[in-house]
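Below you'll find the structure, written out as structure tokens, and then a few comments.
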Amino acid sequence: MENKKNIYRKLFTSTFYLSAFTFGGGYVIIPLMKKKFADELHWIDENEMLNLAAIAQSSPGPVAVNAAILLGYRVAGITGALLTILGTVLPPFITLSVVSLFYTAFRDNAVVNAVLKGMQAGIAAVIADVVLNLGGNVLKEKDIISATIMAGAFIATFLFKVNVIYIILICGSIGALNLYLKIKKIKKDGNLQ
Amino acid sequence: MTLLQLFLSFFQIGLFSIGGGMAAMPLIQNQVVNLHHWLTLTEFTDLITIAEMTPGPIGINSATFVGIRIAGIPGAIAATIGCIFPSCIIVSLLAWFYFKFKELTVIQGILSGLRPVIVALIASAGLSILKLAIWGENGFSDNLNSINLISVVLFTIAFVVLRKWKPNPIYVMLGSGIIGGAIYLLV
């Protein structure tokens, strides 16, 4: 294991860096966090990253900050959480402090608008890439309930704009019930697969 | 007094906005425009535009923007701390609870139901951004002329590059911003 100071430094710089480039809120930073902390640093596995994202989404406050707290805590306890909070909050704080001084000029700037328009396509591609990996892994489990939840939740949020809180309550209950039934069945059959 | 007021307002915004960005918007408007008259409605609309143009959660962006306009840097700090304070407390408790009890069957069950939801939410956010990139503010249209071809090409190239060479996604985002930006400015 790397020494503590090194981990602290990496936690702060990684979250700072991710937060500085996260245009578009919680659902852009979660795929980036997965790439950084699961695929690159291997500090956490993919399923656990999704667990943390689920908790972050179900809690009050900005999703990106919540996810950062959970990740920091998981990797390095309370100190880790404080560092990731700081790393996540500082970039927008600095950017907005500067922009608020001349915000109309910034808002109407042709170069800024052109670059942001160009970035939209890149951000969409990054998310598509991550969704393909994550969605593929959900389907690989060959669990009909997981696949149905994924499809149902997508339709509910994208097409019908259902409030996320309801989706979370319903799907969390389905998950708990499903596991309970599975365990009951295993106990009844008397074999642990 | 103003600092305390900023802290308390954004504390409420942080506490009651469950589900991220869009859920926070009406709460921010209520506190900042309707209750305290810190911003006019036009300024608030500008704030939303700028929040979407700059990185970071909309809650933090608004807190910094409103705080700095009302009471300078100390105001921005008070509002930002207010906004993340509820998160820090509640999520820390949840984190402690989760890491202590994550082996519990019921927690495992709930999370197994929520993991596919998170994938769906990420997919939905991605598709919304793609729709915005291709059709702009007006949304989907079957008129071929309303398609932004530059976005389609940028998206396709970025996607292929990501699948094939697995580069750091931030470079792909910046690259498409710089290349796309240059094309938009030239044509």
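Here's how to read the names in the structure tokens: chain A, B, ... by the order shown, residue numbers from 1 in each chain, ligand numbers from 1 in the order shown.
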Running DSSP on the backbone, which parts of chain B land in alpha helix (DSSP H), as a PyMOL selection string? chain B and resi 2-16+21-29+41-53+58-101+105-135+149-165+169-186
Please identify every residue of segment 110-180 of chain A that has at least one atom no farther than 10 Å from an atom of segment 50-74 of chain A, counting only C-alpha atoms, and for each give the shortest atom pair and the distance in Å to one decimal, arranged by chain then increasing number, as a Markdown table.
```
| residue | atom | partner | partner_atom | distance |
| --- | --- | --- | --- | --- |
| A:Leu134 | CA | A:Leu50 | CA | 9.3 |
| A:Val164 | CA | A:Gln57 | CA | 8.5 |
| A:Ile165 | CA | A:Ser58 | CA | 7.1 |
| A:Ile168 | CA | A:Ser58 | CA | 7.2 |
| A:Leu169 | CA | A:Ser58 | CA | 8.9 |
| A:Gly172 | CA | A:Ala54 | CA | 9.7 |
```
Keeping only N, CA and C atoms, write those residues as a PDB file, in the first residue's frame.
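Here's the written file out_34.pdb:
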```pdb
ATOM      1  N   LEU A 134     -20.738  -0.110 -18.330  1.00  0.00           N
ATOM      2  CA  LEU A 134     -21.532  -0.426 -17.137  1.00  0.00           C
ATOM      3  C   LEU A 134     -22.777  -1.223 -17.498  1.00  0.00           C
ATOM      4  N   VAL A 164     -36.518  11.392  -9.534  1.00  0.00           N
ATOM      5  CA  VAL A 164     -35.545  10.350  -9.210  1.00  0.00           C
ATOM      6  C   VAL A 164     -35.819   9.702  -7.845  1.00  0.00           C
ATOM      7  N   ILE A 165     -36.348  10.490  -6.915  1.00  0.00           N
ATOM      8  CA  ILE A 165     -36.591   9.955  -5.567  1.00  0.00           C
ATOM      9  C   ILE A 165     -37.533   8.742  -5.624  1.00  0.00           C
ATOM     10  N   ILE A 168     -35.771   5.692  -7.032  1.00  0.00           N
ATOM     11  CA  ILE A 168     -34.864   5.104  -6.045  1.00  0.00           C
ATOM     12  C   ILE A 168     -35.632   4.301  -5.006  1.00  0.00           C
ATOM     13  N   LEU A 169     -36.737   4.876  -4.505  1.00  0.00           N
ATOM     14  CA  LEU A 169     -37.521   4.165  -3.490  1.00  0.00           C
ATOM     15  C   LEU A 169     -38.051   2.843  -4.046  1.00  0.00           C
ATOM     16  N   GLY A 172     -35.048   0.336  -5.010  1.00  0.00           N
ATOM     17  CA  GLY A 172     -34.387  -0.150  -3.802  1.00  0.00           C
ATOM     18  C   GLY A 172     -35.237  -1.232  -3.139  1.00  0.00           C
TER      19      GLY A 172
END
```
What separation in Å, quoted to one decimal, exists between atom CA of Gly59 of chain B and atom CA of Glu137 of chain B? 22.3 Å
Can you tell me which residues surround Thr15 of chain A at a distance of at most 10 Å, considering only C-alpha atoms, apart from same-chain residues fewer than 3 positions away, and format the answer as number ranges by chain? A: 10-12, 18-20, 29, 32-33, 36-37, 64-65, 68, 71-72, 83-91
Hey, can you check how far atom CA of Ile90 of chain B sits from atom CA of Leu15 of chain B? 9.2 Å
Between A:Ile7, A:Val130, A:Ile174, A:Ala121, which is the closest to Ile30 of chain A once you count only C-alpha atoms?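 Of A:Ile7, A:Val130, A:Ile174, A:Ala121, the one nearest Ile30 of chain A is A:Val130, counting only C-alpha atoms.
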